[in-house]
Amino acid sequence: MVRQVKQPPIRVLIAKPGLDGHDRGAKIVARALRDAGMEVIYAGLRQTPEAIVQAAIEEDVDLVGVSILSGAHMALIPRIVQLLKKEKASDIPVFAGGIIPDEDARRLKKLGVRAIFGPGASLEEIVTTARTLAGRST
Amino acid sequence: MKGTARLPKAARDVRRGDRRALARLITAVENGDRSAEPTLRALYPFTGRAHVIGITGPLGVGKSSVINELIAHLRGLGRTVAVLAVDPSSPFSGGSVLGDRIRLDRAPEDSGVFIRSMASRGHAGGVAIATRASVRLLEAAGFEIVLVETVGSGQVDVEIRDVATTSVVVLVPHLGDEVQTMKAGLFEIADVFCVNKSDLPGAERAEKHLTDLAGTGRPRDGWTARIVATSTSPPRGIDWLWEAIAAHEAFLDAGGRRSEEERRRLAKEIAGRVRDRVGERILEDPALRGLVDRVLARTLDPETAARKLYAERFPSR
């Protein structure tokens, strides 16, 4: 019997850690990823790093995207990376979006954040990067 | 744990409560990954123990919020709970946005809760097969109660009975005319009706309407659907809801109905799995092409074509 081998959809967690309530960007990205055929687990506003990492593990996602506009990125994102490591899940790539100054972006990348998108990033760029991070360049 | 020494590693990990191993196996099941089959086989004897509760109803009636309150209630009773939240996949891109976690709020360090979102992906055989297999994994991981959330529209709501021991249909006051249209689907599958947002005006009427409906209908297999009013902000009626669900389980156990129902479900599942395989074989059957040509040319109708092919491949003895 010939079975069609179809690539299963990429699963991605989109979450907003911290206290700012500006989730428009996260929602737009979630929709763009959905339209690109991905399964987006949308965790919504005001998530703790602990809850985000737990969701990433239970949902067995291929990657985690966090959106922060509060300025607390240097407190929250490293914590997520650290918790993933603690759960032996640092193989799950993390990318971030928001208002993140270049210098902070460099430091976050050094800590293991795989991609950072500022206000000028296009949705195509985000989708392509998400695919690459999930290990599907096709 | 008895008899786990001979299990494959992934199965052992699931039995030990390794959440990542569990999550990965659920992904394998969703993807139809055949390499997981030995593990699923090894875990099967550890399944069938949970109370599987289907929570279904139209969009926006508050299913996730009710589940959120149920989780808190059940944790208070010391029961462990897993949630499987099924949402539709886009027929266009195949993608989906699974947003049920937004409303599910619990202590991250609580290992007595496990939440998984699942896209329907237009599976052959519907949502039922992947959902059932995932429920089994959650059972094997030791969860005592598994809540399966589905949007009640189309086919999924009817299939929930093939997965759940107890089906809860969540509604809100003022569904009005929709009540009529749903009579033939959702209304028949409910073991328990949950009238949510009962703080809204019209709740009493909706409750009475449902009571009438449940009372005048013939009780299915001796069970008359219970009607419970709930609201979630602030939470009210959740303990009654649980009582009604637990009463249904007790009813099934007392009359020996539970194993009867399980037998019906399993027979249907096995038949469904066989049907999927047969369907795939037929799609690849060399004789199919010629038949399609004739049907396309209107010299043969589809039903006759199907009969011909069926009779050739499955000759009656």
# chains A, B, ... in the order shown; residues from 1 in each chain; ligands from 1
>>> closest_atom_pairs(of="chain A", to="chain B", cutoff="8 Å", atoms="only C-alpha atoms", output="CSV")
residue,atom,partner,partner_atom,distance
A:Met1,CA,B:Arg281,CA,7.2
A:Pro8,CA,B:Asn31,CA,5.9
A:Pro9,CA,B:Gly95,CA,7.2
A:Ala30,CA,B:Val97,CA,7.1
A:Arg31,CA,B:Val97,CA,7.3
A:Leu33,CA,B:Gly95,CA,7.6
A:Arg34,CA,B:Gly95,CA,4.5
A:Asp35,CA,B:Ser93,CA,5.5
A:Ala36,CA,B:Ser93,CA,6.3
A:Gly37,CA,B:Gly95,CA,3.7
A:Met38,CA,B:Gly95,CA,4.4
A:Glu39,CA,B:Ser96,CA,4.8
A:Val40,CA,B:Val97,CA,4.7
A:Ile41,CA,B:Leu98,CA,4.7
A:Tyr42,CA,B:Gly99,CA,4.9
A:Ala43,CA,B:Ile102,CA,5.1
A:Gly44,CA,B:Ile102,CA,5.5
A:Leu45,CA,B:Ile102,CA,7.8
A:Glu50,CA,B:Pro108,CA,6.2
A:Ala51,CA,B:Pro108,CA,5.4
A:Gln54,CA,B:Pro108,CA,6.6
A:Ala55,CA,B:Ile115,CA,7.9
A:Ile57,CA,B:Arg20,CA,5.8
A:Glu58,CA,B:Ala23,CA,5.3
A:Glu59,CA,B:Arg116,CA,5.5
A:Asp60,CA,B:Ala23,CA,5.5
>>> closest_residue(among="A:Ile100, A:Lys16, A:Val127, A:Val94", to="Arg114 in chain A", atoms="only C-alpha atoms")
A:Val94
>>> select_by_dssp(residues="range 62-111 of chain A", states="helix (DSSP H, G or I)", output="PyMOL selection string")
chain A and resi 73-86+102-111
>>> atom_distance(atom1="CA of Leu84 in chain B", atom2="CA of Glu149 in chain B")
6.2 Å
>>> residues_around(residues="range 41-50 of chain B", least_positions_apart="4", cutoff="6 Å", atoms="only C-alpha atoms", output="PyMOL selection string")
chain B and resi 136+139-140+144-145
>>> closest_residue(among="A:Asp104, A:Pro93, A:Val29, A:Asp23", to="Glu124 in chain A", atoms="only C-alpha atoms")
A:Val29
>>> closest_residue(among="A:Pro119, A:Pro49, A:Pro17, A:Gly65", to="Gly98 in chain A", atoms="only C-alpha atoms")
A:Pro119
>>> atom_distance(atom1="CA of Val169 in chain B", atom2="CA of Cys194 in chain B")
6.0 Å
>>> residues_around(residues="Lys197 in chain B", least_positions_apart="4", cutoff="12 Å", atoms="only C-alpha atoms", output="ChimeraX atom specification")
/B:60-63,65-66,170-175,201-204,206-207,228-238
>>> residues_around(residues="Lys9 in chain B", least_positions_apart="2", cutoff="12 Å", atoms="only C-alpha atoms", output="NGL selection string")
:B and (4-7 or 11-16 or 18 or 21-22 or 25 or 36 or 38-40 or 42-43)
>>> write_last_selection(atoms="all heavy atoms", output="short mmCIF file (atom, residue, chain, number, x, y, z; two decimals), in the first residue's frame")
data_model
loop_
_atom_site.label_atom_id
_atom_site.label_comp_id
_atom_site.auth_asym_id
_atom_site.auth_seq_id
_atom_site.Cartn_x
_atom_site.Cartn_y
_atom_site.Cartn_z
N THR B 4 6.01 -2.74 34.29
CA THR B 4 6.44 -1.73 33.33
C THR B 4 7.84 -2.01 32.80
O THR B 4 8.28 -1.35 31.87
CB THR B 4 6.42 -0.31 33.94
OG1 THR B 4 7.16 -0.36 35.16
CG2 THR B 4 5.02 0.15 34.20
N ALA B 5 8.53 -2.98 33.42
CA ALA B 5 9.93 -3.21 33.05
C ALA B 5 10.08 -3.59 31.59
O ALA B 5 11.04 -3.22 30.94
CB ALA B 5 10.52 -4.28 33.95
N ARG B 6 9.10 -4.32 31.06
CA ARG B 6 9.23 -4.81 29.68
C ARG B 6 8.66 -3.84 28.63
O ARG B 6 8.67 -4.14 27.46
CB ARG B 6 8.55 -6.18 29.56
CG ARG B 6 9.46 -7.33 29.97
CD ARG B 6 8.65 -8.60 30.14
NE ARG B 6 7.70 -8.45 31.24
CZ ARG B 6 6.57 -9.15 31.33
NH1 ARG B 6 6.23 -9.98 30.37
NH2 ARG B 6 5.76 -9.00 32.36
N LEU B 7 8.15 -2.72 29.10
CA LEU B 7 7.56 -1.77 28.15
C LEU B 7 8.64 -1.03 27.35
O LEU B 7 9.75 -0.86 27.82
CB LEU B 7 6.72 -0.73 28.91
CG LEU B 7 5.48 -1.21 29.65
CD1 LEU B 7 4.84 -0.04 30.38
CD2 LEU B 7 4.50 -1.82 28.68
N ALA B 11 6.86 4.27 26.44
CA ALA B 11 5.70 3.85 27.23
C ALA B 11 6.02 3.94 28.72
O ALA B 11 5.20 4.39 29.52
CB ALA B 11 5.30 2.42 26.84
N ARG B 12 7.22 3.53 29.06
CA ARG B 12 7.64 3.62 30.47
C ARG B 12 7.64 5.07 30.92
O ARG B 12 7.19 5.40 32.02
CB ARG B 12 9.04 3.03 30.62
CG ARG B 12 9.02 1.67 31.25
CD ARG B 12 10.38 1.12 31.67
NE ARG B 12 11.58 1.72 31.17
CZ ARG B 12 12.32 1.21 30.19
NH1 ARG B 12 11.95 0.10 29.58
NH2 ARG B 12 13.44 1.81 29.83
N ASP B 13 8.16 5.95 30.06
CA ASP B 13 8.20 7.37 30.41
C ASP B 13 6.81 7.92 30.66
O ASP B 13 6.59 8.67 31.61
CB ASP B 13 8.88 8.16 29.28
CG ASP B 13 10.38 7.89 29.22
OD1 ASP B 13 10.92 7.35 30.21
OD2 ASP B 13 11.00 8.20 28.19
N VAL B 14 5.86 7.55 29.81
CA VAL B 14 4.49 8.02 29.99
C VAL B 14 3.92 7.52 31.32
O VAL B 14 3.31 8.27 32.08
CB VAL B 14 3.59 7.57 28.82
CG1 VAL B 14 2.11 7.77 29.14
CG2 VAL B 14 3.95 8.33 27.54
N ARG B 15 4.17 6.26 31.62
CA ARG B 15 3.66 5.69 32.87
C ARG B 15 4.30 6.35 34.09
O ARG B 15 3.69 6.43 35.14
CB ARG B 15 3.92 4.17 32.91
CG ARG B 15 3.13 3.39 31.89
CD ARG B 15 1.65 3.34 32.21
NE ARG B 15 1.36 2.59 33.42
CZ ARG B 15 0.27 2.77 34.16
NH1 ARG B 15 -0.62 3.67 33.82
NH2 ARG B 15 0.07 2.04 35.22
N ARG B 16 5.54 6.83 33.91
CA ARG B 16 6.24 7.48 35.02
C ARG B 16 5.80 8.93 35.19
O ARG B 16 6.24 9.62 36.09
CB ARG B 16 7.74 7.48 34.76
CG ARG B 16 8.48 6.26 35.32
CD ARG B 16 9.95 6.54 35.22
NE ARG B 16 10.14 7.16 33.89
CZ ARG B 16 11.12 7.96 33.56
NH1 ARG B 16 12.00 8.25 34.38
NH2 ARG B 16 11.22 8.48 32.35
N ASP B 18 6.17 11.36 32.70
CA ASP B 18 6.99 12.28 31.90
C ASP B 18 6.09 13.01 30.91
O ASP B 18 5.59 12.44 29.95
CB ASP B 18 8.08 11.47 31.18
CG ASP B 18 9.01 12.35 30.35
OD1 ASP B 18 8.57 13.42 29.87
OD2 ASP B 18 10.17 11.95 30.17
N ALA B 21 7.24 13.23 27.18
CA ALA B 21 7.06 11.96 26.45
C ALA B 21 5.60 11.80 26.05
O ALA B 21 5.29 11.41 24.92
CB ALA B 21 7.50 10.79 27.33
N LEU B 22 4.70 12.15 26.98
CA LEU B 22 3.26 12.08 26.70
C LEU B 22 2.89 13.02 25.55
O LEU B 22 2.21 12.62 24.60
CB LEU B 22 2.49 12.46 27.98
CG LEU B 22 0.98 12.67 27.86
CD1 LEU B 22 0.30 11.40 27.41
CD2 LEU B 22 0.41 13.13 29.21
N LEU B 25 4.06 11.73 22.20
CA LEU B 25 3.26 10.61 21.69
C LEU B 25 1.93 11.10 21.12
O LEU B 25 1.44 10.57 20.13
CB LEU B 25 3.02 9.59 22.80
CG LEU B 25 4.09 8.50 22.91
CD1 LEU B 25 3.81 7.64 24.14
CD2 LEU B 25 4.11 7.62 21.66
N ALA B 36 5.09 4.99 16.20
CA ALA B 36 4.61 5.02 17.59
C ALA B 36 3.75 3.80 17.92
O ALA B 36 3.38 3.59 19.08
CB ALA B 36 3.83 6.30 17.85
N PRO B 38 4.16 0.48 18.28
CA PRO B 38 4.52 -0.45 19.37
C PRO B 38 4.28 0.16 20.76
O PRO B 38 3.83 -0.54 21.67
CB PRO B 38 6.01 -0.70 19.14
CG PRO B 38 6.25 -0.36 17.71
CD PRO B 38 5.26 0.70 17.35
N THR B 39 4.55 1.45 20.89
CA THR B 39 4.35 2.12 22.18
C THR B 39 2.86 2.16 22.52
O THR B 39 2.47 1.88 23.66
CB THR B 39 4.92 3.55 22.13
OG1 THR B 39 6.25 3.50 21.63
CG2 THR B 39 4.91 4.19 23.50
N LEU B 40 2.03 2.51 21.53
CA LEU B 40 0.59 2.59 21.77
C LEU B 40 0.05 1.21 22.17
O LEU B 40 -0.78 1.08 23.07
CB LEU B 40 -0.15 3.10 20.53
CG LEU B 40 0.28 4.48 20.02
CD1 LEU B 40 -0.58 4.87 18.82
CD2 LEU B 40 0.14 5.52 21.11
N ALA B 42 1.72 -1.17 23.60
CA ALA B 42 2.18 -1.52 24.95
C ALA B 42 1.38 -0.78 26.02
O ALA B 42 1.19 -1.29 27.13
CB ALA B 42 3.67 -1.18 25.08
N LEU B 43 0.89 0.42 25.68
CA LEU B 43 0.17 1.21 26.67
C LEU B 43 -1.31 0.84 26.74
O LEU B 43 -2.00 1.19 27.71
CB LEU B 43 0.32 2.71 26.38
CG LEU B 43 1.68 3.31 26.74
CD1 LEU B 43 1.77 4.75 26.23
CD2 LEU B 43 1.92 3.27 28.25
#
>>> residues_around(residues="range 70-72 of chain A", least_positions_apart="5", cutoff="8 Å", atoms="only C-alpha atoms", output="ChimeraX atom specification")
/A:18-20,99-100
>>> atom_distance(atom1="CA of Ala130 in chain B", atom2="CA of Val29 in chain B")
6.1 Å
>>> residues_around(residues="His51 in chain B", least_positions_apart="3", cutoff="12 Å", atoms="only C-alpha atoms", output="count of residues only")
35
>>> decode(residues="range 17-48 of chain B", atoms="N, CA, C and O atoms", output="PDB file, in the first residue's frame")
ATOM      1  N   GLY B  17       4.977   9.421  34.279  1.00  0.00           N
ATOM      2  CA  GLY B  17       4.505  10.800  34.398  1.00  0.00           C
ATOM      3  C   GLY B  17       5.379  11.812  33.670  1.00  0.00           C
ATOM      4  O   GLY B  17       5.346  13.003  33.986  1.00  0.00           O
ATOM      5  N   ASP B  18       6.172  11.361  32.700  1.00  0.00           N
ATOM      6  CA  ASP B  18       6.993  12.277  31.904  1.00  0.00           C
ATOM      7  C   ASP B  18       6.092  13.009  30.908  1.00  0.00           C
ATOM      8  O   ASP B  18       5.585  12.436  29.948  1.00  0.00           O
ATOM      9  N   ARG B  19       5.895  14.306  31.155  1.00  0.00           N
ATOM     10  CA  ARG B  19       4.911  15.066  30.381  1.00  0.00           C
ATOM     11  C   ARG B  19       5.380  15.296  28.946  1.00  0.00           C
ATOM     12  O   ARG B  19       4.580  15.385  28.033  1.00  0.00           O
ATOM     13  N   ARG B  20       6.666  15.401  28.771  1.00  0.00           N
ATOM     14  CA  ARG B  20       7.150  15.640  27.414  1.00  0.00           C
ATOM     15  C   ARG B  20       6.975  14.383  26.570  1.00  0.00           C
ATOM     16  O   ARG B  20       6.588  14.458  25.400  1.00  0.00           O
ATOM     17  N   ALA B  21       7.242  13.228  27.177  1.00  0.00           N
ATOM     18  CA  ALA B  21       7.063  11.960  26.451  1.00  0.00           C
ATOM     19  C   ALA B  21       5.600  11.803  26.047  1.00  0.00           C
ATOM     20  O   ALA B  21       5.285  11.411  24.920  1.00  0.00           O
ATOM     21  N   LEU B  22       4.703  12.149  26.979  1.00  0.00           N
ATOM     22  CA  LEU B  22       3.263  12.084  26.704  1.00  0.00           C
ATOM     23  C   LEU B  22       2.888  13.017  25.547  1.00  0.00           C
ATOM     24  O   LEU B  22       2.208  12.616  24.600  1.00  0.00           O
ATOM     25  N   ALA B  23       3.386  14.260  25.627  1.00  0.00           N
ATOM     26  CA  ALA B  23       3.067  15.253  24.595  1.00  0.00           C
ATOM     27  C   ALA B  23       3.565  14.804  23.225  1.00  0.00           C
ATOM     28  O   ALA B  23       2.891  14.967  22.210  1.00  0.00           O
ATOM     29  N   ARG B  24       4.744  14.211  23.199  1.00  0.00           N
ATOM     30  CA  ARG B  24       5.317  13.771  21.925  1.00  0.00           C
ATOM     31  C   ARG B  24       4.528  12.621  21.332  1.00  0.00           C
ATOM     32  O   ARG B  24       4.354  12.539  20.119  1.00  0.00           O
ATOM     33  N   LEU B  25       4.063  11.727  22.196  1.00  0.00           N
ATOM     34  CA  LEU B  25       3.258  10.606  21.694  1.00  0.00           C
ATOM     35  C   LEU B  25       1.934  11.099  21.124  1.00  0.00           C
ATOM     36  O   LEU B  25       1.440  10.573  20.132  1.00  0.00           O
ATOM     37  N   ILE B  26       1.358  12.112  21.765  1.00  0.00           N
ATOM     38  CA  ILE B  26       0.106  12.665  21.235  1.00  0.00           C
ATOM     39  C   ILE B  26       0.362  13.241  19.840  1.00  0.00           C
ATOM     40  O   ILE B  26      -0.423  13.034  18.911  1.00  0.00           O
ATOM     41  N   THR B  27       1.495  13.929  19.676  1.00  0.00           N
ATOM     42  CA  THR B  27       1.847  14.445  18.353  1.00  0.00           C
ATOM     43  C   THR B  27       1.970  13.302  17.344  1.00  0.00           C
ATOM     44  O   THR B  27       1.459  13.397  16.221  1.00  0.00           O
ATOM     45  N   ALA B  28       2.609  12.226  17.760  1.00  0.00           N
ATOM     46  CA  ALA B  28       2.789  11.080  16.859  1.00  0.00           C
ATOM     47  C   ALA B  28       1.434  10.527  16.422  1.00  0.00           C
ATOM     48  O   ALA B  28       1.227  10.201  15.250  1.00  0.00           O
ATOM     49  N   VAL B  29       0.505  10.456  17.386  1.00  0.00           N
ATOM     50  CA  VAL B  29      -0.844   9.974  17.089  1.00  0.00           C
ATOM     51  C   VAL B  29      -1.536  10.913  16.095  1.00  0.00           C
ATOM     52  O   VAL B  29      -2.136  10.479  15.120  1.00  0.00           O
ATOM     53  N   GLU B  30      -1.405  12.214  16.345  1.00  0.00           N
ATOM     54  CA  GLU B  30      -2.027  13.197  15.454  1.00  0.00           C
ATOM     55  C   GLU B  30      -1.465  13.100  14.045  1.00  0.00           C
ATOM     56  O   GLU B  30      -2.171  13.292  13.064  1.00  0.00           O
ATOM     57  N   ASN B  31      -0.167  12.833  13.962  1.00  0.00           N
ATOM     58  CA  ASN B  31       0.487  12.788  12.658  1.00  0.00           C
ATOM     59  C   ASN B  31       0.342  11.442  11.974  1.00  0.00           C
ATOM     60  O   ASN B  31       0.844  11.252  10.875  1.00  0.00           O
ATOM     61  N   GLY B  32      -0.328  10.497  12.646  1.00  0.00           N
ATOM     62  CA  GLY B  32      -0.450   9.164  12.082  1.00  0.00           C
ATOM     63  C   GLY B  32       0.916   8.498  11.920  1.00  0.00           C
ATOM     64  O   GLY B  32       1.140   7.717  10.996  1.00  0.00           O
ATOM     65  N   ASP B  33       1.825   8.814  12.839  1.00  0.00           N
ATOM     66  CA  ASP B  33       3.194   8.304  12.783  1.00  0.00           C
ATOM     67  C   ASP B  33       3.217   6.829  13.196  1.00  0.00           C
ATOM     68  O   ASP B  33       2.969   6.493  14.348  1.00  0.00           O
ATOM     69  N   ARG B  34       3.519   5.968  12.227  1.00  0.00           N
ATOM     70  CA  ARG B  34       3.407   4.542  12.499  1.00  0.00           C
ATOM     71  C   ARG B  34       4.502   4.023  13.421  1.00  0.00           C
ATOM     72  O   ARG B  34       4.353   2.964  14.014  1.00  0.00           O
ATOM     73  N   SER B  35       5.561   4.787  13.565  1.00  0.00           N
ATOM     74  CA  SER B  35       6.643   4.316  14.430  1.00  0.00           C
ATOM     75  C   SER B  35       6.210   4.315  15.902  1.00  0.00           C
ATOM     76  O   SER B  35       6.856   3.708  16.744  1.00  0.00           O
ATOM     77  N   ALA B  36       5.090   4.995  16.202  1.00  0.00           N
ATOM     78  CA  ALA B  36       4.613   5.019  17.593  1.00  0.00           C
ATOM     79  C   ALA B  36       3.747   3.804  17.920  1.00  0.00           C
ATOM     80  O   ALA B  36       3.381   3.593  19.079  1.00  0.00           O
ATOM     81  N   GLU B  37       3.427   3.008  16.913  1.00  0.00           N
ATOM     82  CA  GLU B  37       2.473   1.914  17.148  1.00  0.00           C
ATOM     83  C   GLU B  37       2.875   0.921  18.241  1.00  0.00           C
ATOM     84  O   GLU B  37       2.028   0.553  19.058  1.00  0.00           O
ATOM     85  N   PRO B  38       4.157   0.480  18.280  1.00  0.00           N
ATOM     86  CA  PRO B  38       4.517  -0.449  19.368  1.00  0.00           C
ATOM     87  C   PRO B  38       4.281   0.156  20.756  1.00  0.00           C
ATOM     88  O   PRO B  38       3.828  -0.537  21.671  1.00  0.00           O
ATOM     89  N   THR B  39       4.553   1.452  20.891  1.00  0.00           N
ATOM     90  CA  THR B  39       4.348   2.116  22.179  1.00  0.00           C
ATOM     91  C   THR B  39       2.863   2.158  22.525  1.00  0.00           C
ATOM     92  O   THR B  39       2.469   1.875  23.659  1.00  0.00           O
ATOM     93  N   LEU B  40       2.030   2.513  21.526  1.00  0.00           N
ATOM     94  CA  LEU B  40       0.588   2.586  21.770  1.00  0.00           C
ATOM     95  C   LEU B  40       0.052   1.209  22.165  1.00  0.00           C
ATOM     96  O   LEU B  40      -0.781   1.084  23.066  1.00  0.00           O
ATOM     97  N   ARG B  41       0.566   0.196  21.471  1.00  0.00           N
ATOM     98  CA  ARG B  41       0.139  -1.167  21.772  1.00  0.00           C
ATOM     99  C   ARG B  41       0.502  -1.535  23.212  1.00  0.00           C
ATOM    100  O   ARG B  41      -0.295  -2.091  23.937  1.00  0.00           O
ATOM    101  N   ALA B  42       1.716  -1.165  23.599  1.00  0.00           N
ATOM    102  CA  ALA B  42       2.183  -1.517  24.946  1.00  0.00           C
ATOM    103  C   ALA B  42       1.384  -0.782  26.019  1.00  0.00           C
ATOM    104  O   ALA B  42       1.194  -1.287  27.125  1.00  0.00           O
ATOM    105  N   LEU B  43       0.891   0.422  25.678  1.00  0.00           N
ATOM    106  CA  LEU B  43       0.167   1.209  26.674  1.00  0.00           C
ATOM    107  C   LEU B  43      -1.312   0.845  26.743  1.00  0.00           C
ATOM    108  O   LEU B  43      -1.999   1.187  27.708  1.00  0.00           O
ATOM    109  N   TYR B  44      -1.797   0.154  25.738  1.00  0.00           N
ATOM    110  CA  TYR B  44      -3.246  -0.104  25.671  1.00  0.00           C
ATOM    111  C   TYR B  44      -3.814  -0.767  26.932  1.00  0.00           C
ATOM    112  O   TYR B  44      -4.892  -0.380  27.401  1.00  0.00           O
ATOM    113  N   PRO B  45      -3.105  -1.757  27.513  1.00  0.00           N
ATOM    114  CA  PRO B  45      -3.665  -2.370  28.726  1.00  0.00           C
ATOM    115  C   PRO B  45      -3.866  -1.384  29.885  1.00  0.00           C
ATOM    116  O   PRO B  45      -4.607  -1.681  30.817  1.00  0.00           O
ATOM    117  N   PHE B  46      -3.220  -0.240  29.831  1.00  0.00           N
ATOM    118  CA  PHE B  46      -3.343   0.730  30.922  1.00  0.00           C
ATOM    119  C   PHE B  46      -4.443   1.751  30.646  1.00  0.00           C
ATOM    120  O   PHE B  46      -4.521   2.789  31.280  1.00  0.00           O
ATOM    121  N   THR B  47      -5.255   1.497  29.640  1.00  0.00           N
ATOM    122  CA  THR B  47      -6.291   2.471  29.279  1.00  0.00           C
ATOM    123  C   THR B  47      -7.677   1.966  29.678  1.00  0.00           C
ATOM    124  O   THR B  47      -7.820   0.830  30.117  1.00  0.00           O
ATOM    125  N   GLY B  48      -8.666   2.833  29.516  1.00  0.00           N
ATOM    126  CA  GLY B  48     -10.046   2.427  29.775  1.00  0.00           C
ATOM    127  C   GLY B  48     -10.496   2.692  31.196  1.00  0.00           C
ATOM    128  O   GLY B  48     -11.572   2.278  31.597  1.00  0.00           O
TER     129      GLY B  48
END
